[in-house]
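Trainee: Below you'll find query_18.txt; it's compact mmCIF, C-alpha atoms and all ligand atoms.
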```
# COMPACT_ATOMS: atom_id res chain seq x y z
CA MET A 1 25.31 1.31 12.29
CA SER A 2 26.01 2.70 15.80
CA ASP A 3 26.59 -0.62 17.55
CA GLN A 4 30.31 -0.30 18.30
CA PRO A 5 31.07 -0.80 21.98
CA GLY A 6 30.59 2.53 23.75
CA ALA A 7 28.90 4.18 20.72
CA PRO A 8 25.42 5.58 21.29
CA SER A 9 22.66 3.32 20.00
CA ALA A 10 21.09 4.09 16.61
CA LEU A 11 18.54 6.88 16.50
CA ILE A 12 15.29 6.59 14.55
CA GLY A 13 13.65 9.90 13.58
CA ILE A 14 9.91 10.30 13.00
CA PRO A 15 9.03 13.52 11.17
CA LYS A 16 5.68 15.27 11.05
CA GLU A 17 4.05 14.62 7.67
CA LEU A 18 3.72 17.79 5.63
CA GLY A 19 1.80 16.46 2.59
CA ASP A 20 -1.66 17.80 1.73
CA GLY A 21 -4.30 16.10 3.88
CA GLU A 22 -1.69 13.75 5.33
CA LEU A 23 -2.83 13.30 8.93
CA ARG A 24 -1.07 10.01 9.61
CA VAL A 25 2.17 9.50 11.50
CA ALA A 26 4.72 6.75 10.91
CA MET A 27 5.13 5.76 14.57
CA THR A 28 2.64 5.50 17.40
CA PRO A 29 3.34 5.21 21.12
CA ALA A 30 1.98 1.65 21.07
CA ALA A 31 4.47 0.50 18.42
CA LEU A 32 7.55 1.89 20.19
CA GLY A 33 8.00 -0.93 22.75
CA PRO A 34 9.68 -3.63 20.66
CA LEU A 35 12.00 -1.11 18.98
CA LEU A 36 13.19 0.41 22.24
CA LYS A 37 13.65 -3.09 23.63
CA GLY A 38 15.95 -3.74 20.66
CA GLY A 39 18.20 -1.03 22.09
CA VAL A 40 17.58 1.76 19.56
CA ARG A 41 16.38 5.25 20.41
CA VAL A 42 13.46 7.09 18.82
CA VAL A 43 13.04 10.85 18.39
CA VAL A 44 9.63 12.13 17.28
CA GLU A 45 9.17 15.61 15.84
CA SER A 46 7.09 17.73 18.17
CA GLY A 47 3.44 17.57 17.13
CA ALA A 48 4.01 14.75 14.62
CA GLY A 49 1.26 12.56 16.06
CA VAL A 50 -1.28 15.20 17.07
CA ALA A 51 -3.48 14.99 13.94
CA ALA A 52 -3.68 11.22 14.39
CA GLY A 53 -4.58 11.53 18.08
CA PHE A 54 -1.13 10.99 19.64
CA PRO A 55 0.19 13.98 21.62
CA ASP A 56 3.91 14.37 22.36
CA SER A 57 3.38 13.22 25.95
CA ALA A 58 2.05 9.84 24.76
CA TYR A 59 5.42 9.21 23.05
CA THR A 60 7.57 10.36 25.96
CA ASP A 61 5.48 8.19 28.31
CA LYS A 62 6.57 5.17 26.24
CA GLY A 63 10.26 6.13 26.15
CA ALA A 64 10.74 8.21 22.97
CA THR A 65 12.11 11.74 22.99
CA ILE A 66 10.57 14.76 21.30
CA GLY A 67 12.77 16.87 19.04
CA SER A 68 12.89 19.43 16.26
CA ARG A 69 12.62 18.61 12.56
CA ASP A 70 16.38 19.14 12.29
CA GLU A 71 17.03 16.60 15.04
CA VAL A 72 14.70 14.09 13.40
CA PHE A 73 16.43 14.43 10.02
CA ALA A 74 19.86 14.12 11.69
CA ALA A 75 18.92 10.62 12.93
CA ASP A 76 20.47 7.41 11.56
CA VAL A 77 17.07 6.31 10.26
CA VAL A 78 14.16 8.47 9.09
CA ALA A 79 10.85 6.58 9.08
CA SER A 80 7.89 8.41 7.60
CA VAL A 81 4.57 7.82 5.88
CA ARG A 82 5.68 9.52 2.66
CA VAL A 83 9.41 9.47 2.02
CA PRO A 84 11.09 12.90 2.13
CA GLU A 85 10.74 15.13 -0.91
CA GLY A 86 11.63 18.70 -1.85
CA ALA A 87 13.46 20.51 0.95
CA ASP A 88 13.27 17.38 3.12
CA ALA A 89 14.96 15.28 0.42
CA ASP A 90 17.82 17.82 0.52
CA ARG A 91 18.35 17.01 4.20
CA VAL A 92 18.91 13.31 3.52
CA ARG A 93 22.58 12.34 3.71
CA ALA A 94 24.71 9.50 2.45
CA GLY A 95 24.30 6.28 4.40
CA GLN A 96 21.11 7.41 6.11
CA VAL A 97 18.35 4.82 6.15
CA VAL A 98 15.03 6.14 4.86
CA ILE A 99 11.85 4.09 5.25
CA GLY A 100 8.36 4.94 4.03
CA MET A 101 5.93 4.85 1.14
CA ALA A 102 7.76 6.03 -1.96
CA THR A 103 5.43 5.11 -4.91
CA PRO A 104 8.54 3.79 -6.68
CA PHE A 105 6.76 2.95 -9.94
CA ALA A 106 4.51 6.02 -10.16
CA THR A 107 7.26 8.52 -9.25
CA PRO A 108 10.60 6.78 -9.82
CA GLU A 109 12.30 10.17 -10.38
CA ALA A 110 11.63 11.18 -6.74
CA VAL A 111 13.19 7.92 -5.64
CA GLN A 112 16.20 8.63 -7.85
CA VAL A 113 16.74 11.93 -6.01
CA LEU A 114 17.04 10.07 -2.69
CA ALA A 115 19.28 7.45 -4.30
CA GLU A 116 21.64 10.18 -5.53
CA LYS A 117 21.80 11.56 -2.00
CA GLY A 118 23.24 8.19 -1.00
CA ALA A 119 20.25 7.13 1.08
CA THR A 120 19.60 3.49 1.83
CA LEU A 121 15.97 3.73 0.83
CA PHE A 122 13.24 1.22 1.63
CA ALA A 123 9.90 1.61 -0.17
CA LEU A 124 7.38 -0.23 1.97
CA GLU A 125 5.10 -0.81 -1.02
CA LEU A 126 7.68 -3.36 -2.17
CA VAL A 127 7.37 -5.62 0.87
CA PRO A 128 6.89 -9.07 -0.71
CA ARG A 129 3.55 -10.85 -0.43
CA THR A 130 4.67 -13.75 1.70
CA THR A 131 3.15 -15.01 4.91
CA ARG A 132 6.13 -13.81 6.97
CA ALA A 133 5.90 -10.32 5.46
CA GLN A 134 2.19 -9.87 6.08
CA ALA A 135 2.78 -7.97 9.33
CA MET A 136 4.81 -5.38 7.39
CA ASP A 137 2.48 -4.97 4.43
CA VAL A 138 1.47 -1.31 4.35
CA LEU A 139 -0.55 -1.71 1.17
CA SER A 140 -2.80 -4.19 2.96
CA SER A 141 -3.14 -2.27 6.20
CA GLN A 142 -3.97 0.99 4.46
CA ALA A 143 -6.25 -0.66 1.88
CA ASN A 144 -8.31 -2.14 4.71
CA VAL A 145 -9.10 1.33 6.02
CA ALA A 146 -9.68 2.75 2.53
CA GLY A 147 -12.17 0.01 1.64
CA TYR A 148 -14.19 0.76 4.75
CA LYS A 149 -14.17 4.50 4.14
CA ALA A 150 -15.17 4.11 0.46
CA VAL A 151 -18.46 2.54 1.55
CA LEU A 152 -19.12 5.44 3.93
CA LEU A 153 -18.34 8.01 1.23
CA ALA A 154 -20.80 6.29 -1.08
CA ALA A 155 -23.41 6.10 1.69
CA SER A 156 -23.31 9.81 2.33
CA ALA A 157 -23.48 10.67 -1.40
CA LEU A 158 -26.33 8.21 -2.08
CA PRO A 159 -29.86 9.63 -1.92
CA LYS A 160 -31.03 6.28 -0.52
CA VAL A 161 -30.50 4.20 2.61
CA TYR A 162 -28.45 1.00 2.53
CA PRO A 163 -30.63 -1.43 4.54
CA LEU A 164 -34.04 -2.87 3.92
CA LEU A 165 -36.52 -0.75 5.90
CA THR A 166 -39.94 -2.09 6.75
CA THR A 167 -41.92 0.80 8.17
CA ALA A 168 -45.53 1.93 8.53
CA ALA A 169 -44.81 4.30 5.67
CA GLY A 170 -43.83 1.49 3.37
CA THR A 171 -41.03 -0.90 2.61
CA ILE A 172 -37.74 0.35 1.26
CA PRO A 173 -35.61 -2.23 -0.57
CA PRO A 174 -31.93 -2.50 0.32
CA ALA A 175 -29.38 -0.66 -1.80
CA LYS A 176 -27.42 -2.74 -4.31
CA VAL A 177 -23.67 -2.38 -3.99
CA LEU A 178 -21.20 -3.79 -6.51
CA ILE A 179 -17.54 -4.11 -5.54
CA ILE A 180 -15.11 -4.53 -8.43
CA GLY A 181 -11.77 -5.97 -7.30
CA ALA A 182 -12.00 -8.21 -4.26
CA GLY A 183 -8.50 -7.76 -2.87
CA VAL A 184 -7.83 -6.26 0.55
CA ALA A 185 -9.74 -3.00 -0.03
CA GLY A 186 -12.55 -4.78 -1.85
CA LEU A 187 -13.07 -7.38 0.88
CA SER A 188 -13.10 -4.64 3.52
CA ALA A 189 -15.69 -2.75 1.45
CA ILE A 190 -17.81 -5.88 1.08
CA ALA A 191 -17.80 -6.47 4.84
CA THR A 192 -18.70 -2.83 5.56
CA ALA A 193 -21.48 -2.66 2.96
CA ARG A 194 -22.94 -5.90 4.31
CA ARG A 195 -22.85 -4.58 7.89
CA LEU A 196 -24.82 -1.56 6.70
CA GLY A 197 -27.49 -3.87 5.32
CA SER A 198 -27.02 -3.55 1.57
CA VAL A 199 -27.15 -6.37 -0.96
CA VAL A 200 -23.59 -6.85 -2.16
CA GLU A 201 -22.14 -8.33 -5.32
CA ALA A 202 -18.45 -8.54 -6.06
CA TYR A 203 -16.28 -9.29 -9.04
CA ASP A 204 -12.60 -10.02 -9.40
CA VAL A 205 -10.55 -11.33 -12.25
CA ARG A 206 -8.94 -13.84 -9.87
CA PRO A 207 -11.51 -16.63 -9.41
CA ALA A 208 -9.62 -17.73 -6.28
CA VAL A 209 -11.37 -14.98 -4.28
CA LYS A 210 -14.87 -16.38 -4.90
CA GLU A 211 -15.03 -18.23 -1.60
CA GLU A 212 -13.80 -15.23 0.42
CA VAL A 213 -16.46 -13.06 -1.23
CA GLN A 214 -19.17 -15.57 -0.45
CA SER A 215 -18.01 -16.03 3.13
CA LEU A 216 -18.67 -12.31 3.66
CA GLY A 217 -22.25 -12.73 2.47
CA ALA A 218 -21.85 -11.28 -1.01
CA ARG A 219 -22.63 -12.85 -4.38
CA PHE A 220 -19.63 -13.46 -6.60
CA VAL A 221 -20.23 -12.22 -10.14
CA GLU A 222 -18.86 -14.76 -12.57
CA LEU A 223 -18.08 -13.64 -16.09
CA PRO A 224 -17.57 -16.14 -18.89
CA LEU A 225 -14.18 -14.64 -19.68
CA GLU A 226 -11.58 -16.87 -21.29
CA THR A 227 -8.73 -15.44 -19.23
CA GLY A 228 -7.05 -18.74 -18.34
CA GLN A 229 -4.22 -17.60 -16.09
CA GLU A 230 -4.16 -14.15 -17.72
CA GLY A 231 -5.57 -12.28 -14.76
CA SER A 232 -3.79 -14.11 -11.96
CA GLY A 233 -0.29 -12.85 -11.48
CA SER A 234 2.47 -13.99 -9.17
CA GLY A 235 2.78 -13.15 -5.49
CA ALA A 236 -1.03 -12.68 -5.08
CA TYR A 237 -1.14 -9.69 -7.45
CA ALA A 238 -3.27 -9.56 -10.58
CA GLN A 239 -1.61 -9.22 -13.96
CA GLN A 240 -2.35 -6.73 -16.65
CA MET A 241 -4.93 -8.13 -19.09
CA SER A 242 -5.01 -7.64 -22.83
CA GLU A 243 -7.13 -4.83 -24.32
CA GLU A 244 -9.36 -7.46 -25.87
CA THR A 245 -10.08 -9.21 -22.59
CA LEU A 246 -10.70 -5.89 -20.82
CA LYS A 247 -13.19 -4.93 -23.51
CA LYS A 248 -15.04 -8.21 -23.13
CA GLN A 249 -15.02 -7.70 -19.36
CA GLN A 250 -16.60 -4.25 -19.75
CA GLU A 251 -19.35 -5.64 -21.98
CA LEU A 252 -20.15 -8.48 -19.60
CA LEU A 253 -20.18 -6.26 -16.51
CA ALA A 254 -22.31 -3.50 -18.04
CA LYS A 255 -25.68 -4.93 -16.94
CA THR A 256 -24.55 -5.55 -13.35
CA VAL A 257 -23.13 -2.03 -13.14
CA ALA A 258 -26.35 -0.52 -14.53
CA ALA A 259 -28.43 -2.34 -11.91
CA SER A 260 -26.28 -1.12 -8.97
CA ASP A 261 -26.93 1.87 -6.73
CA VAL A 262 -23.29 1.98 -5.67
CA VAL A 263 -20.19 0.74 -7.47
CA ILE A 264 -16.89 0.68 -5.60
CA THR A 265 -13.88 -0.08 -7.76
CA THR A 266 -10.59 -1.22 -6.28
CA ALA A 267 -8.89 -3.06 -9.15
CA GLN A 268 -5.17 -2.53 -9.46
CA VAL A 269 -2.20 -4.12 -11.12
CA GLN A 270 1.02 -3.42 -9.26
CA GLY A 271 3.34 -0.99 -11.00
CA LYS A 272 0.88 -0.35 -13.85
CA LYS A 273 -1.93 2.09 -14.62
CA ALA A 274 -5.21 0.76 -13.22
CA PRO A 275 -7.41 -1.08 -15.75
CA VAL A 276 -10.47 0.79 -17.03
CA ILE A 277 -13.38 -1.44 -16.11
CA VAL A 278 -16.32 1.01 -16.02
CA THR A 279 -16.55 3.00 -19.24
CA SER A 280 -18.44 6.28 -19.65
CA GLU A 281 -21.15 4.39 -21.60
CA MET A 282 -21.59 2.08 -18.62
CA VAL A 283 -21.94 5.09 -16.29
CA ALA A 284 -24.61 6.51 -18.62
CA GLN A 285 -26.66 3.32 -18.13
CA MET A 286 -26.79 3.79 -14.33
CA ALA A 287 -29.83 5.39 -12.69
CA PRO A 288 -29.45 9.05 -11.71
CA GLY A 289 -28.50 9.30 -8.04
CA SER A 290 -26.18 6.28 -8.25
CA VAL A 291 -22.66 6.62 -6.92
CA ILE A 292 -19.28 5.32 -8.02
CA VAL A 293 -16.31 5.47 -5.66
CA ASP A 294 -13.09 4.78 -7.52
CA LEU A 295 -10.34 3.70 -5.16
CA ALA A 296 -7.95 3.39 -8.08
CA ALA A 297 -8.30 7.13 -8.84
CA GLU A 298 -4.64 7.81 -8.04
CA GLN A 299 -3.51 5.07 -10.41
CA GLY A 300 -5.54 6.48 -13.32
CA GLY A 301 -8.94 5.15 -12.25
CA ASN A 302 -11.04 2.06 -12.94
CA CYS A 303 -13.81 4.32 -14.22
CA GLU A 304 -13.29 6.35 -17.37
CA ALA A 305 -15.10 9.34 -15.85
CA THR A 306 -13.00 9.50 -12.68
CA VAL A 307 -11.05 12.66 -11.88
CA ALA A 308 -8.60 12.06 -9.03
CA GLY A 309 -9.39 14.19 -6.00
CA GLN A 310 -12.78 15.29 -7.33
CA THR A 311 -16.44 14.32 -7.45
CA THR A 312 -17.82 14.50 -10.98
CA ASP A 313 -21.49 14.51 -11.93
CA VAL A 314 -22.05 12.38 -15.02
CA GLY A 315 -25.72 12.60 -16.02
CA GLY A 316 -26.80 12.50 -12.36
CA VAL A 317 -24.33 9.76 -11.38
CA LYS A 318 -21.74 10.91 -8.85
CA VAL A 319 -18.25 9.65 -9.64
CA ILE A 320 -15.99 10.11 -6.62
CA GLY A 321 -12.21 9.84 -7.09
CA PRO A 322 -10.74 9.97 -3.59
CA VAL A 323 -7.00 10.32 -3.07
CA ASN A 324 -5.12 9.10 -0.03
CA LEU A 325 -8.34 7.91 1.57
CA SER A 326 -6.70 6.00 4.43
CA ALA A 327 -5.26 9.31 5.71
CA THR A 328 -8.83 10.41 6.47
CA ILE A 329 -8.96 7.80 9.26
CA PRO A 330 -5.59 8.78 10.72
CA THR A 331 -5.73 7.12 14.14
CA HIS A 332 -6.33 3.58 12.99
CA ALA A 333 -4.43 3.97 9.73
CA SER A 334 -1.40 5.18 11.76
CA LEU A 335 -1.75 2.42 14.36
CA MET A 336 -1.49 -0.20 11.63
CA TYR A 337 1.14 1.64 9.57
CA ALA A 338 3.35 2.15 12.63
CA LYS A 339 3.10 -1.53 13.51
CA ASN A 340 4.12 -2.37 9.92
CA VAL A 341 7.11 0.00 10.21
CA ALA A 342 8.16 -1.32 13.61
CA ASN A 343 7.93 -4.94 12.41
CA PHE A 344 9.99 -4.08 9.35
CA LEU A 345 12.63 -2.19 11.34
CA GLN A 346 12.92 -5.08 13.76
CA LEU A 347 14.32 -7.21 10.94
CA MET A 348 17.34 -4.89 10.90
CA VAL A 349 17.69 -3.93 14.57
CA ALA A 350 20.27 -5.80 16.64
CA ASP A 351 22.37 -4.77 19.64
CA GLY A 352 21.24 -1.16 19.48
CA GLY A 353 22.18 -0.83 15.81
CA VAL A 354 20.25 -0.80 12.54
CA HIS A 355 21.72 -3.14 9.90
CA PRO A 356 20.32 -2.67 6.39
CA GLU A 357 22.89 -5.18 5.12
CA VAL A 358 21.22 -8.02 7.08
CA ASP A 359 20.67 -11.20 5.04
CA ASP A 360 16.87 -11.20 4.92
CA ASP A 361 14.71 -11.58 1.81
CA ILE A 362 12.11 -9.03 2.98
CA VAL A 363 14.78 -6.39 3.62
CA ARG A 364 16.49 -7.17 0.31
CA GLU A 365 13.32 -7.01 -1.78
CA THR A 366 12.13 -3.76 -0.19
CA MET A 367 15.46 -1.94 -0.67
CA VAL A 368 15.32 0.57 -3.52
CA SER A 369 18.68 2.33 -3.28
CA ARG A 370 22.03 1.94 -1.57
CA GLY A 371 25.46 3.50 -2.00
CA GLY A 372 24.24 6.12 -4.50
CA GLN A 373 22.45 3.81 -6.92
CA ILE A 374 19.06 2.17 -7.42
CA VAL A 375 19.45 -1.49 -6.50
CA HIS A 376 15.86 -2.68 -7.13
CA ALA A 377 15.60 -4.32 -10.57
CA ARG A 378 12.03 -3.22 -11.39
CA VAL A 379 12.62 0.35 -10.21
CA ARG A 380 15.77 0.49 -12.38
CA GLU A 381 13.61 -0.68 -15.26
CA ALA A 382 11.01 2.03 -14.52
CA LEU A 383 13.84 4.59 -14.70
CA GLY A 384 15.17 3.15 -17.94
CA GLN A 385 18.41 2.06 -16.24
CA GLU A 386 20.36 -1.02 -17.24
CA PRO A 387 20.12 -4.00 -14.83
CA LEU A 388 22.90 -4.14 -12.28
CA ALA A 389 25.53 -6.76 -12.89
CA ALA A 390 24.88 -9.83 -10.73
CA PRO A 391 27.35 -10.08 -7.84
CA ALA A 392 30.23 -12.40 -8.65
CA PRO A 393 29.89 -15.85 -7.04
CA PRO A 394 32.23 -16.39 -4.07
CA ALA A 395 35.66 -17.49 -5.23
CA GLU A 396 36.46 -21.19 -4.93
CA PRO A 397 39.06 -21.80 -2.22
CA GLU A 398 42.53 -22.49 -3.69
CA PRO A 399 43.15 -26.28 -3.72
CA ALA A 400 45.68 -27.24 -1.10
CA ASP A 401 48.93 -28.49 -2.71
CA THR A 402 50.22 -30.83 -0.07
CA PRO A 403 48.80 -32.82 2.81
CA GLU A 404 50.99 -30.70 5.15
CA GLU A 405 49.24 -27.53 3.99
CA VAL A 406 45.84 -29.10 4.64
CA ALA A 407 46.93 -29.99 8.12
CA GLU A 408 47.89 -26.36 8.75
P1 LIG A 501 -4.43 -4.95 -5.57
O1 LIG A 501 -4.65 -3.70 -4.78
O2 LIG A 501 -3.20 -5.07 -6.41
O3 LIG A 501 -5.71 -5.18 -6.51
C1 LIG A 501 -7.02 -5.21 -5.98
C2 LIG A 501 -7.83 -6.31 -6.63
O4 LIG A 501 -8.13 -5.96 -7.99
C3 LIG A 501 -7.12 -7.67 -6.72
O5 LIG A 501 -7.90 -8.63 -6.03
C4 LIG A 501 -7.01 -7.93 -8.20
O6 LIG A 501 -7.15 -9.31 -8.52
C5 LIG A 501 -8.16 -7.12 -8.74
N1 LIG A 501 -8.06 -6.81 -10.18
C6 LIG A 501 -6.99 -6.39 -10.89
N2 LIG A 501 -7.33 -6.21 -12.19
C7 LIG A 501 -8.65 -6.49 -12.29
C8 LIG A 501 -9.59 -6.48 -13.36
N3 LIG A 501 -9.25 -6.13 -14.59
N4 LIG A 501 -10.86 -6.83 -13.07
C9 LIG A 501 -11.23 -7.19 -11.83
N5 LIG A 501 -10.40 -7.23 -10.78
C10 LIG A 501 -9.13 -6.88 -11.02
O7 LIG A 501 -4.45 -6.24 -4.66
P2 LIG A 501 -4.52 -6.34 -3.08
O8 LIG A 501 -5.88 -6.00 -2.64
O9 LIG A 501 -3.42 -5.57 -2.49
O10 LIG A 501 -4.24 -7.89 -2.83
C11 LIG A 501 -4.50 -8.89 -3.73
C12 LIG A 501 -4.40 -10.27 -3.06
O11 LIG A 501 -3.19 -10.43 -2.36
C13 LIG A 501 -5.49 -10.50 -2.03
O12 LIG A 501 -6.05 -11.76 -2.29
C14 LIG A 501 -4.81 -10.51 -0.72
O13 LIG A 501 -5.42 -11.35 0.22
C15 LIG A 501 -3.44 -11.00 -1.08
N6 LIG A 501 -2.44 -10.48 -0.15
C16 LIG A 501 -1.50 -11.34 0.36
C17 LIG A 501 -0.56 -10.85 1.24
C18 LIG A 501 0.48 -11.74 1.82
O14 LIG A 501 0.40 -12.95 1.64
N7 LIG A 501 1.46 -11.18 2.51
C19 LIG A 501 -0.55 -9.51 1.59
C20 LIG A 501 -1.49 -8.67 1.03
C21 LIG A 501 -2.43 -9.18 0.15
```
Using structure tokens, write down the structure from this file.
Ligand code: NAD
Mentor:
Amino acid sequence: MSDQPGAPSALIGIPKELGDGELRVAMTPAALGPLLKGGVRVVVESGAGVAAGFPDSAYTDKGATIGSRDEVFAADVVASVRVPEGADADRVRAGQVVIGMATPFATPEAVQVLAEKGATLFALELVPRTTRAQAMDVLSSQANVAGYKAVLLAASALPKVYPLLTTAAGTIPPAKVLIIGAGVAGLSAIATARRLGSVVEAYDVRPAVKEEVQSLGARFVELPLETGQEGSGSGAYAQQMSEETLKKQQELLAKTVAASDVVITTAQVQGKKAPVIVTSEMVAQMAPGSVIVDLAAEQGGNCEATVAGQTTDVGGVKVIGPVNLSATIPTHASLMYAKNVANFLQLMVADGGVHPEVDDDIVRETMVSRGGQIVHARVREALGQEPLAAPAPPAEPEPADTPEEVAE
């Protein structure tokens, strides 16, 4: 794309995000350097970075240009936080590269719209969980911020302080915080809750995280669940557990939940509805004033009482179901997201062009659509589409008939 001799170098467009409460931006001035060094150009929609703390001048200082929304959508590549939808999806044209978060399993129909437009779509949620891909993993970078913010949300809703206070007016015991799901968001929440002085316990179905939990100063809650390998999936993700195991898990966790002032749930299974771990009966056992923050609210919730985007009062227990929490810390969330985007783009940038056809496993596994069709097997499955036929193996070279021919 755009790397013929004499052709202008490829243009990457960064639109302003228009989604509700979406304050992040897909590119920051700090992340521009390596891209521009790769010979591509970047146009940022005027005002795109303002809500995240990056004025237009900060981008032009680093070598980008500022343009209109039309100019941004006319670029060879559109990189955004949320992939274009509605009127913006209509602007996407065949062959254009679109990069962003696309929730391909939750909203595969929206992805299909972009596929039909002929976009070469990359859903950054699909970046594989390999060591090399870590620097491009938007789920991790955004979960880190969300885990931190969840603890702060709980702190401001809790009618208690977090740390142990020894004062002339008496001694206040530290708050008890339980983190369910010790992945990226959970570990970030553990670290934050510990820094604020609370006593922290954490539980995860993957026993492999026990040491990480302990190294952050929290107690790992061990449940005598006969899961075997049931909970541990491939590629560092958990697997969906059977109804029976989930039920047993709920029973075993009930006492720990009841004894907690704050419960932060982060348990997810990629591409599936989040498992219900805290039932309404368990919430009823908690002391009034306790708080639950459910980071899986958008995926259906880990708590039965969660309503996404709302705070619900259940017998005096506040159940908070935040959506898009990382967008509420837009500066740092954008700094990390933009670095992820720039690292990902660099896999495809060469000689001033952007090459989605590059032979790279990360690029291949993140690609959702190309040439008018969905090319990602699991997204095809989510849309009820038949698997694509495997590409034919390269043809064997014709055997040479005579030694003379070989010599030629
Ligand atoms: P996630 O958001 O998919 O899930 C969050 C946590 O919930 C996971 O730890 C999972 O085990 C847990 N969980 C799921 N079902 C549960 C249940 N029923 N009960 C209790 N816990 C349950 O996962 P994540 O936070 O994105 O990451 C998971 C792991 O992947 C982490 O260990 C992380 O370090 C690793 N990771 C690796 C890479 C990489 O190598 N590139 C990148 C990101 C994350």
Trainee: May I ask you to write as a PyMOL selection string all residues lying at most 9 Å from ligand LIG 501 (chain A), with all atoms listed in the file counted?
Mentor: chain A and resi 127-141+143-144+180-187+203-209+212+231-233+235-241+245-246+249+265-271+274-277+296+302
Trainee: One number please: atom CA of A:Met348 to atom CA of A:Val363, in Å, one decimal.
Mentor: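 About the pair atom CA of A:Met348 and atom CA of A:Val363: they are 7.9 Å apart.
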Trainee: Just to confirm, what's the straight-line distance from atom CA of A:Gln310 to atom CA of A:Ala287 in Å (one decimal)?
Mentor: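 Straight-line distance from atom CA of A:Gln310 to atom CA of A:Ala287 works out to 20.4 Å.
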Trainee: Using all atoms listed in the file, which of A:Ala157, A:Ala79, A:Ala254, A:Ala10 sits nearest A:Ala338?
Mentor: A:Ala79
Trainee: For stretch 372-377 of chain A, what centre and edge lengths in Å (one decimal) does the axis-aligned box get once 3 Å is added on each side of all its listed atoms, as lines of an AutoDock Vina configuration file?
Mentor:
```
center_x = 19.9
center_y = 0.9
center_z = -7.5
size_x = 14.6
size_y = 16.4
size_z = 12.1
```
Trainee: Hey, which of A:Val293, A:Val358, A:Leu252, A:Ala259 ends up closest to A:Ala305? Count only C-alpha atoms.
Mentor: A:Val293
Trainee: Taking (-27.4, -10.9, -1.3) in the file's coordinates as the center, which residues reach within 9 Å of it, counting all atoms listed in the file, put as a CSV table (one decimal) with C-alpha atoms, in the frame of the given file?
Mentor:
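Generated file (selection.csv):
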```csv
chain,number,residue,atom,x,y,z
A,176,LYS,CA,-27.4,-2.7,-4.3
A,194,ARG,CA,-22.9,-5.9,4.3
A,198,SER,CA,-27.0,-3.6,1.6
A,199,VAL,CA,-27.2,-6.4,-1.0
A,200,VAL,CA,-23.6,-6.8,-2.2
A,201,GLU,CA,-22.1,-8.3,-5.3
A,217,GLY,CA,-22.2,-12.7,2.5
A,218,ALA,CA,-21.8,-11.3,-1.0
A,219,ARG,CA,-22.6,-12.8,-4.4
```
Trainee: Neighbours of A:Leu36 within 10 Å (all atoms listed in the file; same-chain residues fewer than 2 positions away dropped), as a list in words?
Mentor: Ala31, Leu32, Gly33, Pro34, Gly38, Gly39, Val40, Arg41, Val42, Lys62, Gly63, Ala64, Val349 and Gly352 of chain A
Trainee: Closest to A:Asp70 among A:Ser46, A:Asn340, A:Thr107, A:Thr120, using only C-alpha atoms?
Mentor: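 Of the candidates, the smallest distance to A:Asp70 is held by A:Ser46.
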Trainee: Please indicate the distance in Å from atom CA of A:Lys248 to atom CA of A:Asp294, rounded to one decimal place.
Mentor: 20.4 Å
Trainee: Identify the residues around (-22.2, -5.3, 2.6) within a radius of 12 Å, measuring from all atoms listed in the file in the coordinates stated by the file, and give them as a count of residues only.
Mentor: 41
